[in-house]
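Heads up: the structure comes next, in structure tokens.
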Amino acid sequence: MAAAASPSNPTVFLLMVNGQIESAQFPEFNDLYCKYCFVYGYDWAPTSGLEEGISQITSKNRDSQQELVWNFPIDITFKSTNPFGWPQIVISVYGPDLFGNDVVRGYGAVHIPFTPGRHKRTIPMFVPESTSKLQKFTSWFTGRRPEFVDPRVVAQGEGREVTRVRSQGFVTLSFNVVTKDMKKLGYDTSPGNVSSPSLTSVTEGLPKY
């Protein structure tokens with residue numbers, strides 16, 4: 001029988017994340033709400049908190065910035081044995097069209113920050129586009145705009161290379177990140193060491209926000 005792991009010899013590390021989906025900027029739209037979900041690798045598992053959520057509908061401020069403010073909370077803890085497949089949060093924003101139908105106004109994703117502490121990220125959003133003028137008119141007339149069946153595809157990238165998209169809006173998030181036992185497993189996520197060989201496979205090719 002294998003010996004149980006002692007506190008001094010952990011077999012997993014923890015990633016604890018809380019924060020907020022703070023606000024959004026969509027100059028052309030109002031009365032929007034957002035959904036979030038997490039995408040992560042096979043070695044990761046949530047141990048507490050919520051993997052997905054849906055916010056309230058919010059309207060623009062009357063100030064010059066015209067921001068949509070949600071301040072929608074995020075709180076989740078993951079465990080893993082290695083950093084490959086580091087969690088990403090996927091944001092989807094929805095709102096009414098001219099006919100009152102709920103349509104997608106933007107998709108976006110970002111990795112949870114690697115270093116402990118407080119972080120802020122602004123995500124550029126995008127929407128899929130119809131490939132022809134006829135499809136665009138039909139989508140507008142019927143209220144059925146192009147959208148992903150599963151928003152998680154935004155973080156995975158597979159199958160997106162043939163999708164036509166258009167940039168539209170920004171969403172700002174804040175994170176408070178705490179890690180536990182990563183150093184004991186040989187991973188150093190302190191500032192200045194994130195590019196060390198132990199995390200190279202995770203950080204390569206990530207977008208900079």
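Going by the structure tokens order, chains are called A, B, ..., each with residues numbered from 1, while ligands are numbered from 1 in the order shown.
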
All residues 8 Å or closer to Ser48 (chain A), only C-alpha atoms, same chain fewer than 2 positions away omitted, as a JSON list (two decimals) with all heavy atoms, in the first residue's frame:
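Dumped everything to selection.json:
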```json
[["chain", "number", "residue", "atom", "x", "y", "z"],
["A", 46, "PRO", "N", -11.16, 21.32, -10.22],
["A", 46, "PRO", "CA", -11.63, 22.31, -9.22],
["A", 46, "PRO", "C", -11.95, 21.61, -7.91],
["A", 46, "PRO", "O", -12.51, 20.51, -7.90],
["A", 46, "PRO", "CB", -12.88, 22.89, -9.87],
["A", 46, "PRO", "CG", -13.33, 21.85, -10.86],
["A", 46, "PRO", "CD", -12.12, 21.10, -11.30],
["A", 50, "LEU", "N", -17.09, 28.12, -7.96],
["A", 50, "LEU", "CA", -17.98, 27.94, -9.11],
["A", 50, "LEU", "C", -17.19, 27.95, -10.40],
["A", 50, "LEU", "O", -16.38, 28.84, -10.64],
["A", 50, "LEU", "CB", -19.04, 29.04, -9.14],
["A", 50, "LEU", "CG", -20.00, 29.08, -7.95],
["A", 50, "LEU", "CD1", -20.91, 30.30, -8.05],
["A", 50, "LEU", "CD2", -20.82, 27.81, -7.87],
["A", 76, "ILE", "N", -12.72, 30.54, -7.17],
["A", 76, "ILE", "CA", -12.53, 29.12, -7.47],
["A", 76, "ILE", "C", -11.14, 28.68, -7.03],
["A", 76, "ILE", "O", -10.20, 29.49, -7.00],
["A", 76, "ILE", "CB", -12.74, 28.84, -8.98],
["A", 76, "ILE", "CG1", -12.84, 27.33, -9.25],
["A", 76, "ILE", "CG2", -11.65, 29.49, -9.82],
["A", 76, "ILE", "CD1", -13.37, 27.00, -10.65],
["A", 77, "THR", "N", -11.01, 27.41, -6.66],
["A", 77, "THR", "CA", -9.73, 26.82, -6.30],
["A", 77, "THR", "C", -9.51, 25.56, -7.14],
["A", 77, "THR", "O", -10.43, 24.74, -7.27],
["A", 77, "THR", "CB", -9.67, 26.46, -4.80],
["A", 77, "THR", "OG1", -9.82, 27.65, -4.03],
["A", 77, "THR", "CG2", -8.35, 25.79, -4.44],
["A", 78, "PHE", "N", -8.33, 25.44, -7.73],
["A", 78, "PHE", "CA", -7.96, 24.27, -8.52],
["A", 78, "PHE", "C", -6.83, 23.52, -7.83],
["A", 78, "PHE", "O", -6.02, 24.11, -7.11],
["A", 78, "PHE", "CB", -7.46, 24.68, -9.91],
["A", 78, "PHE", "CG", -8.48, 25.30, -10.80],
["A", 78, "PHE", "CD1", -8.60, 26.68, -10.88],
["A", 78, "PHE", "CD2", -9.33, 24.52, -11.57],
["A", 78, "PHE", "CE1", -9.52, 27.27, -11.71],
["A", 78, "PHE", "CE2", -10.27, 25.10, -12.40],
["A", 78, "PHE", "CZ", -10.37, 26.48, -12.48]]
```

Exercise for review: For region 176-189 of chain A, list every protein, DNA or RNA residue within 7 Å, evaluated using only C-alpha atoms, and leave out those in the same chain fewer than 4 positions away; present the list as a ChimeraX atom specification.
Suggested key: /A:10,13-19,114-119,193-194,198

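Atom pair CA of Asn101 (chain A) / CA of Asp31 (chain A) has a distance of 12.2 Å (rounded to one decimal).
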
Check your understanding: For Phe72 (chain A), which of A:Gln88, A:Gln25, A:Asn9, A:Gln20 is the closest residue, counting only C-alpha atoms?
Key -> A:Gln20

Point to revise | Residue contacts of Lys35 (chain A) (12 Å, only C-alpha atoms) excluding same-chain residues fewer than 2 positions away, as a ChimeraX atom specification | key: /A:21,32-33,37-38,51-57,70,72-74,89-95,104-109,150-152,171

Exercise for review: For each of A:Ser59, A:Gln168, A:Thr81, A:Thr11, take the minimum atom-to-atom distance to Asp43 (chain A), counting only C-alpha atoms, then give the residue where this is smallest.
Suggested key: A:Thr81

**Study point:** Atomic distance CA of Leu68 (chain A) - CA of Leu173 (chain A), expressed in Å with one decimal
**Key:** 12.5 Å

Mind checking which residues fall within 8 Å of Val69 (chain A), counting only C-alpha atoms, ignoring those fewer than 3 positions away in the same chain, and posting them as a tab-separated table (two decimals) with N, CA and C atoms, in the first residue's frame?
```tsv
chain	number	residue	atom	x	y	z
A	22	GLU	N	-15.08	43.08	-13.91
A	22	GLU	CA	-15.39	44.43	-13.46
A	22	GLU	C	-16.31	45.18	-14.39
A	23	SER	N	-15.90	45.31	-15.65
A	23	SER	CA	-16.64	46.21	-16.54
A	23	SER	C	-16.37	45.85	-18.00
A	24	ALA	N	-17.07	46.53	-18.88
A	24	ALA	CA	-16.90	46.31	-20.31
A	24	ALA	C	-17.11	47.61	-21.06
A	58	THR	N	-26.65	44.93	-17.10
A	58	THR	CA	-26.25	46.27	-16.68
A	58	THR	C	-26.34	47.25	-17.84
A	59	SER	N	-26.58	48.50	-17.51
A	59	SER	CA	-26.66	49.57	-18.50
A	59	SER	C	-25.46	50.49	-18.37
A	60	LYS	N	-25.21	51.28	-19.38
A	60	LYS	CA	-24.04	52.14	-19.41
A	60	LYS	C	-24.13	53.25	-18.37
A	61	ASN	N	-22.95	53.60	-17.84
A	61	ASN	CA	-22.87	54.80	-17.01
A	61	ASN	C	-23.18	56.03	-17.85
```

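The residue set within 12 Å of Gly41 (chain A), counting only C-alpha atoms and dropping same-chain residues fewer than 5 places from it, reads Pro46, Phe78, Lys79, Ser80, Thr81, Asn82, Pro83, Phe84, Gly85, Trp86, Pro87, Gln88, Ala155, Gln156 and Val202 of chain A.
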